[in-house]
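One structure is given below, encoded as structure tokens.
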Amino acid sequence: MANRSGEQRVIVIGGGLAGLSATARLVEQGLKVDLFSLVPVKRSHSVCAQGGINACNEIARQQGFSEWMHMDETLYGGDFLADQPPVYEMTHWAPKIIDLLDRMGVPFNRTSEGYRDLRLFGGSLFRRTHFSGATTGQQLLYALDEQVRRAEVDGNVTKYEFWEMLWPALEGEGDGRRCVGIVAQDMRTMQIRAFPAEAVVIATGGCGLIFGRSTNSVMCNGAAAARCYKAGAWYANGEFIQVHPTAIPGADKCRLMSESARGEGGRLWVPRQPGDTRDPRQIPEGERLYFLEEKYPKYGNLVPRDIASREIFDICVNQNMGIGGERMVYLDLTHKSREELDRKLKGILEIYEKFAGQDPREVPMKIFPAVHYSMGGLWTTYTREVREPDPIMDRDCGVDEVVGMKLGAPNTMMTNIAGLFALGEVSFAYHGATRLGANALLSCIFDGLFAGIGIKNYVAENTDRPAHSVNNTVFDDLIKREEQKMQRLIKTAQKGAGNPETNPYQIGREMGREMEGAATVVKFAGGLNPALEKIRELRERWSRVQLTDSGMWTNQNLSYTRALGDMLALAEVIVLGGVKREESRGSHYRTDFLKRDDARFLKTTVAEYEPETCSANIFYREVDAPMVKPRERSYGKSGDAKPAPEKEKQTAGAT
Amino acid sequence: MTTTQDQSSTNSGAASSEAAEKRTVRFRIQRCLGPNKPAHWEAFDVPILAGEGANVISCLQYIARRPITADGKETDPVVWDSGCLEEVCGACTMIVNGQVRQSCSCLIDNEAPNDGDVISLQPMSKFPVVRDLWVDRQRMFHNLKRAHAWTPIDGLHDRGAGPQETAKNQETRYIFSTCMTCGCCLEACPQFLLVDEPAKWDESFVGANTIGQVRLFNLHPTAKEEAGERLEVLMGPGGVSDCGNAQNCVKVCPKEIPLTEGIAAMGRATTVKAVKQFFTGE
Ligand SMILES: Cc1cc2nc3c(=O)[nH]c(=O)nc-3n(C[C@H](O)[C@H](O)[C@H](O)COP(=O)(O)OP(=O)(O)OC[C@H]3O[C@@H](n4cnc5c(N)ncnc54)[C@H](O)[C@@H]3O)c2cc1C
Ligand code: SF4
Ligand code: SF4
Ligand code: FES
């Protein structure tokens with residue numbers, strides 16, 4: 001049964017940076033919030049971010065930087081695929097957001113005089129990255145978590161932690177269709193309940209789990225986004241997945257290894273003899289293949305991030321020369337003195353030591369590229385606002401008018417379903433075809449703070465048809481459907497390992513492997529099409545899936561299996577978008593279409609779910625680019641006369 | 001954790017020469033189907049490849065795929081809590097071979113280097129068990145409410161930068177601010193006991209991490225405004241005087257937070273406040 005009171009409530013799903021900043025803003029706007037999360041919000045994935053958060057600041061400004069330039073870098077980095085007004089607004093709000101976080105008590109690093117310290121990110125010309133020790137994401141998340149806890153004590157927020165969002169509740173048809181709440185399940189008691197709300201915010205983060213091991217946390221499975229997509233929300237630019245070149249492959253996940261290891265002289269190599277199992281220290285110089293140094297004599301190990309990822313991938317996947325036949329190469333620092341390494345890289349070497357159990361000062365590190373961030377996500381919209389350029393923030397912009405987003409517009413960051421909003425990594429906005437390092441934290445917090453005001457106005461506009469007046473059957477039918485889904489799965493349960501064909505974890509592993517191989521660093525029709533086939537096979541196997549736990553208490557087995565079914569739908573979107581985008585742009589690199597093709601593909605990919613065929617229908621929308629003309633994103637191509645590593649690092653920079 | 005680091009540096013030489021060697025590690029897991037259900041033990045054998053970076057979580061994932069005990073019995077999959085898998089969210093805390101710690105950063109090559117080695121896993125004992133290795137740490141978040149663990153800002157509108165702060169103050173605050181609410185310090189503390197009933201939490205010992213949070217916020221120029229309220233809590237039942245100074249907490253904190261220093265500082269601050277109140281009669 002649905003929970004019914006006359007009060008105006010908004011549901012926020014996700015307690016990462018995006019969800020918490022939205023919650024804080026909505027409460028400030030006088031609304032009550034029901035906050036849902038798979039984990040206590042303080043443990044959300046946002047804690048993992050280490051590097052920092054970008055914003056123009058007074059020092060950089062005095063050196064010639066501006067909000068406009070921050071926007072330009074973001075668009076250029078994203079290969080011009082991002083709609084420009086949201087990027088304009090985000091970069092122009094950035095300095096104010098840092099100030100606000102500062103007031104909340106985030107322990108930003110300080111200069112000796114007591115000002116906020118700034119980091120030069122990966123060779124950027126301007127110090128525009130703010131940081132808090134080596135745990136910036138954790139510190140920002142905690143600051144917002146504290147503000148939301150304060151609101152909770154005041155009775156304005158009700159938390160539903162260890163609750164899983166199962167489905168958005170929609171009513172009406174065509175233009176009248178709108179989101180009026182959700183159905184969710186308590187992951188302990190397994191109770192399924194409906195929660196009506198005037199508006200629903202999805203802030204559920206990335207979908208790294210679809211690729212098996214990634215740098216993401218275990219709850220970043222994309223299932224919530226997939227459920228909205230299956231319910232009719234558009235999913236945009238799914239094919240754009242950022243891969244980090246140097247991660248530490250673990251048995252359970254991949255942990256980041258900062259690129260500064262290469263910057264400080266790290267050399268990448270594999271044994272010349274494939275499958276050589278000798279201790280790396282016993283392999284003589286002559287029997288090592290320093291593949292980057294050999295292929296790129298000019299830049300050697302310092303080739304840009306995307307090239308490094310592709311070459312490592314090529315060596316392991318196509319040439320089968322990974323260490324011991326595995327998908328790994330050496331990142332070797334052992335030729336450097338211990339003292340020097342400790343002075344320059346202590347922090348990151350300790351991470352390696354902690355999780356790989358070996359001392360990288362003595363033994364070469366083993367690394368492999370890993371899926372890191374999804375630029376794609378639920379499609380969202382906004383209202384444009386044309387203004388005069390600001391003499392300071394838009395200095396030297398060279399245009400007569402700028403276009404930002406209208407603050408408070410009720411459709412701000414709304415999906416194609418009225419009343420359903422998407423914020424943070426789960427939305428497709430801001431980052432285009434690749435994300436600039438240290439821009440994600442900014443986009444998540446900005447999203448919540450900015451859109452929160454529009455959402456309040458959306459609620460105000462719809463007071464004449466409150467959620468508690470919605471026909472009961474909308475919620476009752478959904479609860480029934482989710483209960484049937486659950487019962488179907490529970491009934492399959494059989495103890496033991498069962499048949500690998502129908503073991504959910506086995507299906508999940510095969511999906512991860514296929515997706516990692518076909519839809520990440522290097523793509524081509526000959527790899528993508530078989531991946532589509534494989535996904536179909538896995539979906540068919542999933543329809544016969546067998547659980548191992550039939551319990552009606554804390555059944556993680558059920559939760560995973562149900563999510564897996566939804567992840568497979570998103571996997572299809574990601575691969576199909578990749579097949580159809582016959583060009584190379586940003587993170588999307590097609591060996592059979594090497595060039596960017598603006599005429600055909602300077603467009604947003606949109607996937608719409610077709611319930612009849614249970615598959616995606618892909619169409620394209622124009623990119624809103626009123627300010628900056630797309631120019632060639634030239635940096636980093638091998639053989640270029642002009643070394644571009646400086647510039648490349650600037651975009652790829654952090655994590 | 002310091003112990004991990006020590007072991008890893010002594011092990012690193014040996015590990016690579018035995019690279020790719022297969023062995024079996026036996027997991028003894030304390031199981032429990034739900035609150036107030038009896039606990040029992042089950043054993044599982046997990047094949048390990050030296051040098052592949054296996055940790056406790058990856059072994060639990062193996063058991064989830066194949067929930068069959070060492071003596072061949074088909075059983076329910078083991079339930080546990082995890083998140084980041086890089087020791088920064090605090091979710092996966094449990095008792096590994098008698099020691100409370102994060103299981104995601106517990107490497108099998110260090111903890112069980114030989115064939116046939118045993119690793120025992122138990123849920124933390126100071127919190128109610130939800131199921132198997134998953135415990136309910138709501139009380140820790142509740143204690144953060146008790147302690148006013150926030151900065152009382154005016155609102156989210158733009159009002160310029162926050163207060164200037166010395167690098168030294170930032171460094172002191174930063175380390176306390178890395179507390180990931182994992183509960184290791186509470187598990188190890190002889191004064192912090194299991195309290196099932198939420199109604200009793202407000203009189204029960206707040207524990208080292210919360211005292212650390214009071215220290216954190218009382219050091220911030222704006223958050224200081226509520227320093228009095230926070231100290232009041234520490235002076236009341238379950239406050240800082242409950243600490244027996246056993247110093248266990250600081251030894252197990254994975255983030256090496258100087259908890260006893262924080263407790264001492266807050267002890268002094270509450271004394272000063274008490275003396276002041278005595279003389280002013282406030
Ligand atoms: C290792 C690493 C390092 C990074 N470093 C940086 C950096 O230095 N700078 C930078 O700018 N960016 C960085 N990023 C990217 C950045 O951290 C993320 O993009 C960002 O934190 C995402 O925040 P979010 O609020 O969108 O979602 P998340 O923090 O992922 O939160 C998602 C929330 O949704 C909840 N949820 C999910 N599904 C459901 C469901 N079905 N029901 C209920 N709740 C649900 C979860 O419980 C969680 O609370 C890094 C990422 C990684 C992986
Ligand atoms: S010093 Fe105090 S808080 Fe720490 S373990 Fe001992 S009694 Fe507990
Ligand atoms: S103080 Fe340390 S041990 Fe205690 S909860 Fe925080 S991080 Fe964990
Ligand atoms: S899973 Fe986050 S600390 Fe282990």
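Chain labels run A, B, ... following the order of the structure tokens; each chain numbers its residues from 1, and ligands are numbered from 1 in the order shown.
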- For ligand 2, list the contacting residues at 10 Å or closer, counting only C-alpha atoms and all ligand atoms, as an MDAnalysis selection string. chainID B and resid 184:192 205:212 240:252 259:264
Residues just named, written with N, CA, C and O atoms as a tab-separated table (two decimals), in the first residue's frame:
chain	number	residue	atom	x	y	z
B	184	CYS	N	35.53	0.13	13.76
B	184	CYS	CA	36.65	-0.65	14.32
B	184	CYS	C	36.95	-0.20	15.75
B	184	CYS	O	37.11	-1.01	16.66
B	185	CYS	N	37.00	1.13	15.95
B	185	CYS	CA	37.36	1.66	17.27
B	185	CYS	C	36.33	1.24	18.32
B	185	CYS	O	36.67	1.10	19.49
B	186	LEU	N	35.09	1.06	17.91
B	186	LEU	CA	34.04	0.69	18.87
B	186	LEU	C	34.10	-0.80	19.17
B	186	LEU	O	33.90	-1.23	20.31
B	187	GLU	N	34.38	-1.58	18.14
B	187	GLU	CA	34.49	-3.02	18.34
B	187	GLU	C	35.61	-3.32	19.35
B	187	GLU	O	35.47	-4.19	20.20
B	188	ALA	N	36.69	-2.56	19.27
B	188	ALA	CA	37.85	-2.84	20.11
B	188	ALA	C	37.71	-2.26	21.52
B	188	ALA	O	38.47	-2.62	22.42
B	189	CYS	N	36.76	-1.37	21.72
B	189	CYS	CA	36.67	-0.63	22.98
B	189	CYS	C	35.97	-1.44	24.07
B	189	CYS	O	34.85	-1.90	23.87
B	190	PRO	N	36.61	-1.60	25.24
B	190	PRO	CA	35.94	-2.37	26.31
B	190	PRO	C	34.72	-1.63	26.89
B	190	PRO	O	33.87	-2.26	27.51
B	191	GLN	N	34.62	-0.34	26.68
B	191	GLN	CA	33.52	0.44	27.26
B	191	GLN	C	32.31	0.54	26.34
B	191	GLN	O	31.23	0.93	26.76
B	192	PHE	N	32.49	0.27	25.07
B	192	PHE	CA	31.38	0.37	24.11
B	192	PHE	C	30.73	-1.00	23.98
B	192	PHE	O	31.36	-1.97	23.55
B	205	PHE	N	27.41	4.92	25.84
B	205	PHE	CA	28.69	5.52	25.47
B	205	PHE	C	28.73	5.88	23.97
B	205	PHE	O	28.41	5.06	23.12
B	206	VAL	N	29.13	7.11	23.67
B	206	VAL	CA	29.17	7.54	22.27
B	206	VAL	C	30.31	6.89	21.49
B	206	VAL	O	30.21	6.66	20.30
B	207	GLY	N	31.43	6.60	22.19
B	207	GLY	CA	32.54	5.93	21.52
B	207	GLY	C	33.55	6.91	20.94
B	207	GLY	O	33.28	8.10	20.79
B	208	ALA	N	34.71	6.34	20.62
B	208	ALA	CA	35.86	7.16	20.25
B	208	ALA	C	35.63	7.97	18.98
B	208	ALA	O	36.00	9.13	18.88
B	209	ASN	N	34.99	7.38	17.98
B	209	ASN	CA	34.85	8.10	16.71
B	209	ASN	C	34.01	9.36	16.88
B	209	ASN	O	34.32	10.41	16.33
B	210	THR	N	32.94	9.27	17.69
B	210	THR	CA	32.09	10.45	17.87
B	210	THR	C	32.83	11.54	18.64
B	210	THR	O	32.72	12.72	18.32
B	211	ILE	N	33.60	11.12	19.63
B	211	ILE	CA	34.39	12.12	20.37
B	211	ILE	C	35.35	12.80	19.38
B	211	ILE	O	35.56	14.01	19.41
B	212	GLY	N	35.90	12.00	18.48
B	212	GLY	CA	36.77	12.57	17.44
B	212	GLY	C	36.03	13.58	16.57
B	212	GLY	O	36.60	14.60	16.17
B	240	VAL	N	32.31	11.48	27.63
B	240	VAL	CA	33.74	11.18	27.58
B	240	VAL	C	34.22	10.50	28.88
B	240	VAL	O	35.19	9.75	28.86
B	241	SER	N	33.49	10.68	29.99
B	241	SER	CA	33.96	10.06	31.23
B	241	SER	C	33.76	8.55	31.23
B	241	SER	O	34.31	7.84	32.06
B	242	ASP	N	32.98	8.03	30.29
B	242	ASP	CA	32.83	6.58	30.17
B	242	ASP	C	34.10	5.92	29.64
B	242	ASP	O	34.28	4.71	29.74
B	243	CYS	N	34.94	6.71	29.00
B	243	CYS	CA	36.15	6.13	28.41
B	243	CYS	C	37.09	5.72	29.52
B	243	CYS	O	37.42	6.50	30.40
B	244	GLY	N	37.53	4.47	29.50
B	244	GLY	CA	38.43	3.96	30.52
B	244	GLY	C	39.89	4.12	30.13
B	244	GLY	O	40.77	3.59	30.76
B	245	ASN	N	40.12	4.83	29.05
B	245	ASN	CA	41.47	5.09	28.56
B	245	ASN	C	42.25	3.81	28.25
B	245	ASN	O	43.44	3.72	28.50
B	246	ALA	N	41.59	2.82	27.74
B	246	ALA	CA	42.26	1.56	27.40
B	246	ALA	C	43.08	1.68	26.13
B	246	ALA	O	43.93	0.84	25.85
B	247	GLN	N	42.83	2.71	25.34
B	247	GLN	CA	43.62	3.01	24.14
B	247	GLN	C	43.53	1.95	23.05
B	247	GLN	O	44.35	1.93	22.13
B	248	ASN	N	42.58	1.05	23.15
B	248	ASN	CA	42.44	0.04	22.09
B	248	ASN	C	42.01	0.69	20.78
B	248	ASN	O	42.41	0.27	19.70
B	249	CYS	N	41.18	1.71	20.91
B	249	CYS	CA	40.58	2.33	19.74
B	249	CYS	C	41.64	2.80	18.76
B	249	CYS	O	41.58	2.53	17.56
B	250	VAL	N	42.62	3.53	19.29
B	250	VAL	CA	43.60	4.16	18.41
B	250	VAL	C	44.45	3.10	17.70
B	250	VAL	O	44.91	3.29	16.59
B	251	LYS	N	44.59	1.94	18.34
B	251	LYS	CA	45.42	0.89	17.73
B	251	LYS	C	44.76	0.25	16.52
B	251	LYS	O	45.43	-0.27	15.65
B	252	VAL	N	43.42	0.24	16.51
B	252	VAL	CA	42.76	-0.46	15.39
B	252	VAL	C	42.23	0.48	14.31
B	252	VAL	O	41.75	0.02	13.28
B	259	LEU	N	42.90	9.15	17.98
B	259	LEU	CA	41.67	9.17	18.77
B	259	LEU	C	41.91	9.51	20.24
B	259	LEU	O	41.17	10.28	20.83
B	260	THR	N	42.97	8.94	20.83
B	260	THR	CA	43.19	9.19	22.26
B	260	THR	C	43.56	10.66	22.48
B	260	THR	O	43.18	11.25	23.49
B	261	GLU	N	44.26	11.22	21.52
B	261	GLU	CA	44.57	12.65	21.60
B	261	GLU	C	43.26	13.46	21.60
B	261	GLU	O	43.09	14.40	22.38
B	262	GLY	N	42.37	13.05	20.71
B	262	GLY	CA	41.07	13.73	20.63
B	262	GLY	C	40.29	13.57	21.94
B	262	GLY	O	39.70	14.52	22.44
B	263	ILE	N	40.33	12.36	22.51
B	263	ILE	CA	39.60	12.10	23.75
B	263	ILE	C	40.19	12.96	24.88
B	263	ILE	O	39.46	13.59	25.65
B	264	ALA	N	41.52	13.02	24.93
B	264	ALA	CA	42.17	13.82	25.98
B	264	ALA	C	41.78	15.29	25.82
B	264	ALA	O	41.42	15.95	26.80
Quick check: residues of chain B within 6 Å of chain A, only C-alpha atoms, returned as a compact mmCIF listing (two decimals) with C-alpha atoms, in the first residue's frame.
# COMPACT_ATOMS: atom_id res chain seq x y z
CA SER B 8 53.29 -6.78 2.57
CA SER B 12 56.70 -9.08 -1.54
CA GLY B 53 45.55 -9.94 -5.55
CA ALA B 54 42.78 -11.96 -3.95
CA SER B 58 36.92 -11.59 -3.79
CA ARG B 65 28.94 -18.11 -7.02
CA ARG B 66 29.40 -21.51 -5.46
CA PRO B 67 27.78 -21.78 -2.03
CA ILE B 68 28.99 -25.29 -1.20
CA GLU B 74 24.87 -27.06 -0.51
CA THR B 75 24.04 -24.04 1.58
CA ASP B 76 22.66 -20.49 1.46
CA GLY B 83 30.94 -0.68 -1.17
CA CYS B 84 34.09 1.02 -2.41
CA CYS B 89 33.70 3.78 2.68
CA TRP B 150 27.85 19.53 11.24
CA THR B 151 28.69 23.14 10.53
CA GLY B 160 31.61 34.29 -0.38
CA ALA B 161 34.35 32.06 1.00
CA GLY B 162 34.41 30.38 4.38
CA GLN B 164 40.40 31.56 6.53
CA GLU B 165 42.19 28.72 8.28
CA THR B 166 45.83 27.99 9.06
CA ALA B 167 47.43 25.03 7.33
CA GLN B 170 43.42 22.21 8.46
CA TYR B 174 41.60 16.74 8.00
- Message: I'd like to know which of B:Ala112, B:Ala91, B:Val129, B:Val195 is closest to ligand 1, using only C-alpha atoms and all ligand atoms.
- Response: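 Result for the nearest residue to ligand 1: B:Ala91.
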- Task: Within 12 Å of Glu293 of chain A, counting only C-alpha atoms, which residues show up once you throw out same-chain ones fewer than 4 positions away? Write them as an NGL selection string, please.
- Result: :A and (265-270 or 288-289 or 297-303 or 308 or 311)
- Query: Would you name the residues within 7 Å of ligand 4, counting only C-alpha atoms and all ligand atoms, and put them as a list in words?
  - Reply: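 After applying the 7 Å limit, what remains is Ser82, Gly83, Cys84, Leu85, Glu86, Glu87, Val88, Cys89, Gly90, Ala91, Cys92, Thr93, Gln102, Ser103, Cys104 and Ser105 of chain B.
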- Å distance separating atom CA of Arg137 of chain B from atom CA of Val79 of chain B, one decimal place: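 Result for atom CA of Arg137 of chain B versus atom CA of Val79 of chain B: 15.7 Å, one decimal.
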- For ligand 3, list the contacting residues at 6 Å or closer, counting only C-alpha atoms and all ligand atoms, as a list of chain:residue names.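 Checking only C-alpha atoms and all ligand atoms against ligand 3 at 6 Å gives B:Cys179, B:Met180, B:Thr181, B:Cys182, B:Gly183, B:Cys184, B:Cys185, B:Asn209, B:Cys253, B:Pro254, B:Lys255, B:Ile257.
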Selected residues, all heavy atoms, written as a PDB file, in the first residue's frame, please.
ATOM      1  N   CYS B 179      37.490   9.992   9.078  1.00  0.00           N
ATOM      2  CA  CYS B 179      36.784   8.902   9.766  1.00  0.00           C
ATOM      3  C   CYS B 179      35.641   8.401   8.893  1.00  0.00           C
ATOM      4  O   CYS B 179      34.754   9.161   8.515  1.00  0.00           O
ATOM      5  CB  CYS B 179      36.234   9.376  11.107  1.00  0.00           C
ATOM      6  SG  CYS B 179      35.080   8.180  11.820  1.00  0.00           S
ATOM      7  N   MET B 180      35.663   7.109   8.569  1.00  0.00           N
ATOM      8  CA  MET B 180      34.660   6.574   7.648  1.00  0.00           C
ATOM      9  C   MET B 180      33.557   5.804   8.370  1.00  0.00           C
ATOM     10  O   MET B 180      32.884   4.960   7.777  1.00  0.00           O
ATOM     11  CB  MET B 180      35.331   5.728   6.564  1.00  0.00           C
ATOM     12  CG  MET B 180      36.235   4.646   7.104  1.00  0.00           C
ATOM     13  SD  MET B 180      37.077   3.778   5.758  1.00  0.00           S
ATOM     14  CE  MET B 180      38.020   2.592   6.717  1.00  0.00           C
ATOM     15  N   THR B 181      33.375   6.104   9.668  1.00  0.00           N
ATOM     16  CA  THR B 181      32.280   5.512  10.429  1.00  0.00           C
ATOM     17  C   THR B 181      32.271   3.980  10.286  1.00  0.00           C
ATOM     18  O   THR B 181      31.217   3.368  10.115  1.00  0.00           O
ATOM     19  CB  THR B 181      30.907   6.085   9.976  1.00  0.00           C
ATOM     20  OG1 THR B 181      31.107   7.404   9.487  1.00  0.00           O
ATOM     21  CG2 THR B 181      29.915   6.153  11.111  1.00  0.00           C
ATOM     22  N   CYS B 182      33.461   3.395  10.366  1.00  0.00           N
ATOM     23  CA  CYS B 182      33.558   1.956  10.129  1.00  0.00           C
ATOM     24  C   CYS B 182      33.240   1.149  11.387  1.00  0.00           C
ATOM     25  O   CYS B 182      32.757   0.026  11.309  1.00  0.00           O
ATOM     26  CB  CYS B 182      34.941   1.595   9.597  1.00  0.00           C
ATOM     27  SG  CYS B 182      36.264   1.761  10.799  1.00  0.00           S
ATOM     28  N   GLY B 183      33.569   1.718  12.561  1.00  0.00           N
ATOM     29  CA  GLY B 183      33.259   1.026  13.807  1.00  0.00           C
ATOM     30  C   GLY B 183      34.374   0.172  14.384  1.00  0.00           C
ATOM     31  O   GLY B 183      34.190  -0.446  15.434  1.00  0.00           O
ATOM     32  N   CYS B 184      35.535   0.133  13.763  1.00  0.00           N
ATOM     33  CA  CYS B 184      36.648  -0.646  14.323  1.00  0.00           C
ATOM     34  C   CYS B 184      36.946  -0.195  15.748  1.00  0.00           C
ATOM     35  O   CYS B 184      37.113  -1.011  16.659  1.00  0.00           O
ATOM     36  CB  CYS B 184      37.911  -0.464  13.480  1.00  0.00           C
ATOM     37  SG  CYS B 184      37.909  -1.383  11.952  1.00  0.00           S
ATOM     38  N   CYS B 185      36.996   1.129  15.949  1.00  0.00           N
ATOM     39  CA  CYS B 185      37.357   1.663  17.269  1.00  0.00           C
ATOM     40  C   CYS B 185      36.334   1.240  18.321  1.00  0.00           C
ATOM     41  O   CYS B 185      36.674   1.101  19.491  1.00  0.00           O
ATOM     42  CB  CYS B 185      37.486   3.187  17.211  1.00  0.00           C
ATOM     43  SG  CYS B 185      36.021   4.026  16.580  1.00  0.00           S
ATOM     44  N   ASN B 209      34.987   7.383  17.982  1.00  0.00           N
ATOM     45  CA  ASN B 209      34.851   8.105  16.711  1.00  0.00           C
ATOM     46  C   ASN B 209      34.011   9.363  16.877  1.00  0.00           C
ATOM     47  O   ASN B 209      34.322  10.411  16.327  1.00  0.00           O
ATOM     48  CB  ASN B 209      34.254   7.196  15.631  1.00  0.00           C
ATOM     49  CG  ASN B 209      32.773   6.966  15.832  1.00  0.00           C
ATOM     50  OD1 ASN B 209      32.356   6.562  16.899  1.00  0.00           O
ATOM     51  ND2 ASN B 209      31.987   7.260  14.808  1.00  0.00           N
ATOM     52  N   CYS B 253      42.308   1.793  14.521  1.00  0.00           N
ATOM     53  CA  CYS B 253      41.731   2.700  13.528  1.00  0.00           C
ATOM     54  C   CYS B 253      42.505   2.609  12.211  1.00  0.00           C
ATOM     55  O   CYS B 253      43.687   2.898  12.160  1.00  0.00           O
ATOM     56  CB  CYS B 253      41.743   4.140  14.029  1.00  0.00           C
ATOM     57  SG  CYS B 253      41.178   5.284  12.746  1.00  0.00           S
ATOM     58  N   PRO B 254      41.836   2.191  11.145  1.00  0.00           N
ATOM     59  CA  PRO B 254      42.526   2.004   9.865  1.00  0.00           C
ATOM     60  C   PRO B 254      43.041   3.321   9.292  1.00  0.00           C
ATOM     61  O   PRO B 254      43.944   3.326   8.471  1.00  0.00           O
ATOM     62  CB  PRO B 254      41.452   1.404   8.954  1.00  0.00           C
ATOM     63  CG  PRO B 254      40.157   1.806   9.573  1.00  0.00           C
ATOM     64  CD  PRO B 254      40.403   1.875  11.048  1.00  0.00           C
ATOM     65  N   LYS B 255      42.468   4.411   9.692  1.00  0.00           N
ATOM     66  CA  LYS B 255      42.895   5.709   9.159  1.00  0.00           C
ATOM     67  C   LYS B 255      43.905   6.387  10.067  1.00  0.00           C
ATOM     68  O   LYS B 255      44.267   7.540   9.853  1.00  0.00           O
ATOM     69  CB  LYS B 255      41.674   6.610   8.917  1.00  0.00           C
ATOM     70  CG  LYS B 255      40.711   6.051   7.880  1.00  0.00           C
ATOM     71  CD  LYS B 255      41.365   6.016   6.504  1.00  0.00           C
ATOM     72  CE  LYS B 255      40.890   4.816   5.704  1.00  0.00           C
ATOM     73  NZ  LYS B 255      41.668   4.544   4.492  1.00  0.00           N
ATOM     74  N   ILE B 257      43.709   7.663  12.952  1.00  0.00           N
ATOM     75  CA  ILE B 257      43.233   8.911  13.537  1.00  0.00           C
ATOM     76  C   ILE B 257      43.683   8.957  14.998  1.00  0.00           C
ATOM     77  O   ILE B 257      43.527   7.974  15.718  1.00  0.00           O
ATOM     78  CB  ILE B 257      41.688   8.990  13.424  1.00  0.00           C
ATOM     79  CG1 ILE B 257      41.295   8.966  11.942  1.00  0.00           C
ATOM     80  CG2 ILE B 257      41.150  10.233  14.120  1.00  0.00           C
ATOM     81  CD1 ILE B 257      39.810   8.861  11.688  1.00  0.00           C
TER      82      ILE B 257
END
- Message: How would you report the residues lying within 6 Å of ligand 1, as a PyMOL selection string, if you count only C-alpha atoms and all ligand atoms?
- Response: chain A and resi 13-19+36-39+41+44-46+48-53+163-165+203-206+215-216+223-224+256+372+424-426+437-441+444+654-655
File of the preceding selection, C-alpha atoms, as an mmCIF file, in the first residue's frame:
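Writing the result to part_21.cif gives the following:
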data_model
loop_
_atom_site.group_PDB
_atom_site.id
_atom_site.type_symbol
_atom_site.label_atom_id
_atom_site.label_comp_id
_atom_site.auth_asym_id
_atom_site.auth_seq_id
_atom_site.Cartn_x
_atom_site.Cartn_y
_atom_site.Cartn_z
ATOM 1 C CA ILE A 13 17.106 8.305 -5.101
ATOM 2 C CA GLY A 14 20.820 8.249 -4.394
ATOM 3 C CA GLY A 15 22.879 9.795 -1.637
ATOM 4 C CA GLY A 16 26.092 10.557 -3.526
ATOM 5 C CA LEU A 17 27.168 14.127 -4.166
ATOM 6 C CA ALA A 18 24.329 14.763 -6.598
ATOM 7 C CA GLY A 19 21.579 13.315 -4.418
ATOM 8 C CA PHE A 36 16.656 6.447 -0.816
ATOM 9 C CA SER A 37 19.975 4.653 -1.045
ATOM 10 C CA LEU A 38 21.322 1.126 -1.389
ATOM 11 C CA VAL A 39 23.866 1.924 1.311
ATOM 12 C CA VAL A 41 24.440 7.657 2.122
ATOM 13 C CA SER A 44 28.111 6.232 -1.438
ATOM 14 C CA HIS A 45 30.528 5.819 -4.310
ATOM 15 C CA SER A 46 31.462 9.509 -4.333
ATOM 16 C CA CYS A 48 36.233 7.175 -3.936
ATOM 17 C CA ALA A 49 37.220 10.371 -5.751
ATOM 18 C CA GLN A 50 40.709 11.420 -4.805
ATOM 19 C CA GLY A 51 41.993 14.046 -7.194
ATOM 20 C CA GLY A 52 39.970 17.201 -6.813
ATOM 21 C CA ILE A 53 37.329 19.579 -8.096
ATOM 22 C CA TRP A 163 16.235 0.436 0.222
ATOM 23 C CA GLU A 164 16.375 -0.329 -3.474
ATOM 24 C CA MET A 165 14.413 1.667 -6.026
ATOM 25 C CA ALA A 203 20.872 10.481 -8.685
ATOM 26 C CA THR A 204 22.073 6.907 -8.767
ATOM 27 C CA GLY A 205 25.563 7.350 -10.215
ATOM 28 C CA GLY A 206 27.425 5.318 -12.827
ATOM 29 C CA THR A 215 37.068 1.501 -10.718
ATOM 30 C CA ASN A 216 33.497 1.947 -9.439
ATOM 31 C CA ALA A 223 20.026 -0.734 -12.663
ATOM 32 C CA ALA A 224 18.040 2.284 -11.454
ATOM 33 C CA LEU A 256 43.245 3.611 -9.814
ATOM 34 C CA HIS A 372 36.023 4.521 -14.965
ATOM 35 C CA GLY A 424 24.953 13.564 -11.346
ATOM 36 C CA GLU A 425 26.773 10.773 -13.168
ATOM 37 C CA VAL A 426 23.483 9.101 -14.086
ATOM 38 C CA GLY A 437 39.526 15.262 -14.911
ATOM 39 C CA ALA A 438 38.076 16.777 -11.713
ATOM 40 C CA ASN A 439 34.924 17.973 -13.474
ATOM 41 C CA ALA A 440 32.637 15.178 -12.262
ATOM 42 C CA LEU A 441 32.491 16.215 -8.631
ATOM 43 C CA CYS A 444 27.274 16.431 -9.450
ATOM 44 C CA ALA A 654 42.783 13.557 -12.965
ATOM 45 C CA THR A 655 40.402 10.892 -12.210
#
